Amino acid sequence: MTVKTPPRIVLFLAFLLGTALSFAPSPQSFLNRHVAPITSIPPLTRRSTASVVVLSAGGFEWEDPTSDQADPGVENPFKNPDLLKPSDGDGDASLKVDPARLLSPRLQGCNLYLIGMMGSGKSVVGDTLARRMGTYNFLDTDAIIERAAGIPIPQIFEEEGEEAFRDVEAQVLDSVHAHVRCVIGTGGGLVMRNQNWSKLQTGLVVYLDVAPEVIAKRIEGTDRPLLQTENPLETLTKLMEKRRERYQQADVTVEVTGDMDVHMTADACIRALHDFIDDNPPAWKQAKAKAQADGLDWVN
């Protein structure tokens, strides 16, 4: 049996790759990387410029992960007393610098993916995070789809159905995940496809956990296609239960209450990400710490 794909979706998918990439910053060019012939693979050499150490091995040039640039020495600002302003007596001490600015070098280009239910704030929080980080760009998969299709998402659901929309959504994620230094807001149901998780796991996944009752108040009166039912709250609750197991696989979970605004939510995400990086250092850094603890010299 042959399944006939709607003409609009065929054209849409053919056009999608170039359109999605137009939303993202240009990826680092690999044209200047020299690949030596197999018969003349050079030995391991080092070329040092200031704090950057470039290794040449196997015909490729790559940056030494133990160099100063790869490990800029930026620590968790919430655990660094030197970055704290003294308390004025009315509350806790505050930070001298925006911790979001210090998050960017600690991520070293790793993308952030925001997941969660519709109305959880992925778009506004993601945009705020990217702006505060300074060197990151914000991408919204729903916005890319609407711009590429030229019609709003509710209309796509109505004309093509949810499965066709999810196909397009997966194509968008496949296009944007290849870029670095991005905060990416995703659709609420994107996590339900296994193929999408393989892309999300190339970065850090942040789950905005918001109660159905809070979401229902936020999106009341909107035209969310999956909530066009007699009891939107009940539908929302069932959707959340269906997706909860996937959401809970995120690297970082941020509980968002009804009294938290965009900036408070962004603050909570930033702190949780700093703590996650502390708790999950890269393997080479763990090896370095172990060597130093054993009294061994760590050779850079």
# chains A, B, ... in the order shown; residues from 1 in each chain; ligands from 1
$ residues_around --residues "segment 278-284 of chain A" --least-positions-apart "4" --cutoff "10 Å" --atoms "only C-alpha atoms" --output "PyMOL selection string"
chain A and resi 65-66+75-76+106+272-274+288-290
$ select_by_dssp --residues "segment 122-168 of chain A" --states "strand (DSSP E)" --output "PyMOL selection string"
chain A and resi 137-140
$ residues_around --residues "Ile277 of chain A" --least-positions-apart "6" --cutoff "12 Å" --atoms "only C-alpha atoms" --output "VMD selection string"
chain A and resid 74 to 77 102 to 108 110 204 251 to 252 270 to 271 285
$ closest_residue --among "A:Gly126, A:Arg131, A:Ser175, A:Asp209" --to "Arg243 of chain A" --atoms "only C-alpha atoms"
A:Asp209
$ closest_residue --among "A:Asn194, A:Asp127, A:Ala148, A:Gly258" --to "Ile215 of chain A" --atoms "only C-alpha atoms"
A:Gly258
$ closest_residue --among "A:Arg181, A:Ile219, A:Glu159, A:Thr186" --to "Ile144 of chain A" --atoms "only C-alpha atoms"
A:Thr186
$ closest_residue --among "A:Thr141, A:Lys79, A:Asp267, A:Gly119" --to "Glu220 of chain A" --atoms "only C-alpha atoms"
A:Gly119
$ closest_residue --among "A:Thr237, A:Gln195, A:Thr202, A:Thr265" --to "Ala178 of chain A" --atoms "only C-alpha atoms"
A:Thr202
$ select_by_dssp --residues "segment 230-288 of chain A" --states "alpha helix (DSSP H)" --output "VMD selection string"
chain A and resid 232 to 247 262 to 279 283 to 288
$ write_last_selection --atoms "N, CA and C atoms" --output "CSV table (one decimal), in the first residue's frame"
chain,number,residue,atom,x,y,z
A,232,PRO,N,-10.3,21.8,28.0
A,232,PRO,CA,-8.9,22.0,27.7
A,232,PRO,C,-7.9,21.6,28.8
A,233,LEU,N,-8.3,21.8,30.0
A,233,LEU,CA,-7.4,21.5,31.2
A,233,LEU,C,-7.3,20.0,31.3
A,234,GLU,N,-8.3,19.3,31.1
A,234,GLU,CA,-8.2,17.8,31.2
A,234,GLU,C,-7.4,17.3,30.0
A,235,THR,N,-7.5,17.9,28.8
A,235,THR,CA,-6.7,17.5,27.7
A,235,THR,C,-5.3,17.8,27.9
A,236,LEU,N,-5.0,18.9,28.5
A,236,LEU,CA,-3.6,19.4,28.8
A,236,LEU,C,-3.0,18.4,29.8
A,237,THR,N,-3.8,18.0,30.8
A,237,THR,CA,-3.2,17.1,31.9
A,237,THR,C,-2.9,15.8,31.3
A,238,LYS,N,-3.8,15.3,30.4
A,238,LYS,CA,-3.5,14.0,29.8
A,238,LYS,C,-2.3,14.0,28.9
A,239,LEU,N,-2.1,15.1,28.2
A,239,LEU,CA,-1.0,15.3,27.3
A,239,LEU,C,0.3,15.3,28.1
A,240,MET,N,0.3,16.0,29.3
A,240,MET,CA,1.5,16.1,30.1
A,240,MET,C,1.8,14.7,30.7
A,241,GLU,N,0.8,13.9,31.1
A,241,GLU,CA,1.1,12.6,31.6
A,241,GLU,C,1.7,11.7,30.5
A,242,LYS,N,1.3,11.9,29.3
A,242,LYS,CA,1.8,11.1,28.2
A,242,LYS,C,3.2,11.4,27.9
A,243,ARG,N,3.6,12.7,28.1
A,243,ARG,CA,4.9,13.2,27.7
A,243,ARG,C,5.9,13.2,28.9
A,244,ARG,N,5.4,13.1,30.1
A,244,ARG,CA,6.2,13.4,31.3
A,244,ARG,C,7.5,12.5,31.3
A,245,GLU,N,7.4,11.3,31.0
A,245,GLU,CA,8.6,10.4,31.0
A,245,GLU,C,9.7,10.9,30.1
A,246,ARG,N,9.3,11.4,28.9
A,246,ARG,CA,10.3,12.0,28.0
A,246,ARG,C,10.9,13.3,28.6
A,247,TYR,N,10.0,14.1,29.1
A,247,TYR,CA,10.5,15.4,29.6
A,247,TYR,C,11.5,15.2,30.8
A,262,VAL,N,9.3,35.9,33.5
A,262,VAL,CA,10.3,35.4,32.5
A,262,VAL,C,11.7,35.5,33.1
A,263,HIS,N,12.0,36.6,33.7
A,263,HIS,CA,13.4,36.9,34.2
A,263,HIS,C,13.7,35.9,35.4
A,264,MET,N,12.7,35.7,36.3
A,264,MET,CA,12.9,34.7,37.4
A,264,MET,C,13.2,33.3,36.8
A,265,THR,N,12.4,33.0,35.8
A,265,THR,CA,12.6,31.6,35.2
A,265,THR,C,14.0,31.5,34.6
A,266,ALA,N,14.4,32.6,33.8
A,266,ALA,CA,15.7,32.5,33.2
A,266,ALA,C,16.8,32.4,34.3
A,267,ASP,N,16.6,33.2,35.4
A,267,ASP,CA,17.6,33.1,36.5
A,267,ASP,C,17.7,31.7,37.0
A,268,ALA,N,16.6,31.0,37.2
A,268,ALA,CA,16.6,29.6,37.7
A,268,ALA,C,17.3,28.7,36.7
A,269,CYS,N,17.1,28.9,35.4
A,269,CYS,CA,17.7,28.1,34.4
A,269,CYS,C,19.2,28.3,34.4
A,270,ILE,N,19.7,29.5,34.5
A,270,ILE,CA,21.1,29.8,34.5
A,270,ILE,C,21.8,29.2,35.7
A,271,ARG,N,21.2,29.3,36.9
A,271,ARG,CA,21.8,28.7,38.1
A,271,ARG,C,21.8,27.2,38.0
A,272,ALA,N,20.7,26.6,37.5
A,272,ALA,CA,20.7,25.1,37.3
A,272,ALA,C,21.7,24.6,36.3
A,273,LEU,N,22.0,25.4,35.3
A,273,LEU,CA,23.0,25.0,34.3
A,273,LEU,C,24.4,25.1,34.8
A,274,HIS,N,24.7,26.2,35.6
A,274,HIS,CA,26.0,26.3,36.2
A,274,HIS,C,26.2,25.1,37.2
A,275,ASP,N,25.2,24.7,37.9
A,275,ASP,CA,25.3,23.6,38.9
A,275,ASP,C,25.5,22.3,38.1
A,276,PHE,N,24.8,22.1,37.0
A,276,PHE,CA,24.9,20.9,36.2
A,276,PHE,C,26.3,20.8,35.6
A,277,ILE,N,26.9,21.8,35.2
A,277,ILE,CA,28.3,21.8,34.6
A,277,ILE,C,29.3,21.4,35.7
A,278,ASP,N,29.1,22.0,36.9
A,278,ASP,CA,29.9,21.6,38.1
A,278,ASP,C,29.8,20.1,38.4
A,279,ASP,N,28.6,19.5,38.3
A,279,ASP,CA,28.4,18.1,38.7
A,279,ASP,C,28.8,17.2,37.6
A,283,ALA,N,35.4,14.5,30.8
A,283,ALA,CA,36.3,13.4,31.2
A,283,ALA,C,37.7,13.8,31.4
A,284,TRP,N,38.2,14.6,30.5
A,284,TRP,CA,39.7,15.0,30.6
A,284,TRP,C,39.9,15.9,31.9
A,285,LYS,N,38.9,16.7,32.3
A,285,LYS,CA,39.0,17.5,33.5
A,285,LYS,C,39.0,16.6,34.7
A,286,GLN,N,38.2,15.5,34.7
A,286,GLN,CA,38.2,14.6,35.8
A,286,GLN,C,39.6,13.9,35.9
A,287,ALA,N,40.1,13.5,34.7
A,287,ALA,CA,41.4,12.9,34.7
A,287,ALA,C,42.5,13.8,35.3
A,288,LYS,N,42.4,15.1,34.9
A,288,LYS,CA,43.4,16.1,35.3
A,288,LYS,C,43.3,16.2,36.8
$ atom_distance --atom1 "atom CA of Val256 of chain A" --atom2 "atom CA of Leu208 of chain A"
6.5 Å
$ atom_distance --atom1 "atom CA of Leu114 of chain A" --atom2 "atom CA of Gly185 of chain A"
5.0 Å
$ atom_distance --atom1 "atom CA of Leu190 of chain A" --atom2 "atom CA of Arg166 of chain A"
7.1 Å
$ closest_residue --among "A:Glu169, A:Glu255, A:Asp294, A:Asp261" --to "Ala143 of chain A" --atoms "only C-alpha atoms"
A:Glu169
$ decode --residues "segment 157-179 of chain A" --atoms "C-alpha atoms" --output "mmCIF file, in the first residue's frame"
data_model
loop_
_atom_site.group_PDB
_atom_site.id
_atom_site.type_symbol
_atom_site.label_atom_id
_atom_site.label_comp_id
_atom_site.auth_asym_id
_atom_site.auth_seq_id
_atom_site.Cartn_x
_atom_site.Cartn_y
_atom_site.Cartn_z
ATOM 1 C CA PHE A 157 -2.677 21.018 11.840
ATOM 2 C CA GLU A 158 -6.066 21.625 10.248
ATOM 3 C CA GLU A 159 -4.975 21.124 6.646
ATOM 4 C CA GLU A 160 -2.251 18.475 6.973
ATOM 5 C CA GLY A 161 -2.738 16.819 10.361
ATOM 6 C CA GLU A 162 -0.483 16.407 13.386
ATOM 7 C CA GLU A 163 1.718 13.640 11.920
ATOM 8 C CA ALA A 164 2.603 15.771 8.907
ATOM 9 C CA PHE A 165 3.460 18.639 11.242
ATOM 10 C CA ARG A 166 5.699 16.362 13.348
ATOM 11 C CA ASP A 167 7.522 15.266 10.185
ATOM 12 C CA VAL A 168 8.271 18.881 9.363
ATOM 13 C CA GLU A 169 9.246 19.602 12.962
ATOM 14 C CA ALA A 170 11.786 16.768 12.868
ATOM 15 C CA GLN A 171 13.247 18.160 9.648
ATOM 16 C CA VAL A 172 13.688 21.580 11.256
ATOM 17 C CA LEU A 173 15.462 20.086 14.266
ATOM 18 C CA ASP A 174 17.697 18.065 11.957
ATOM 19 C CA SER A 175 18.705 21.316 10.241
ATOM 20 C CA VAL A 176 19.337 23.542 13.244
ATOM 21 C CA HIS A 177 21.048 21.061 15.570
ATOM 22 C CA ALA A 178 24.206 21.156 13.426
ATOM 23 C CA HIS A 179 24.843 24.746 14.532
#
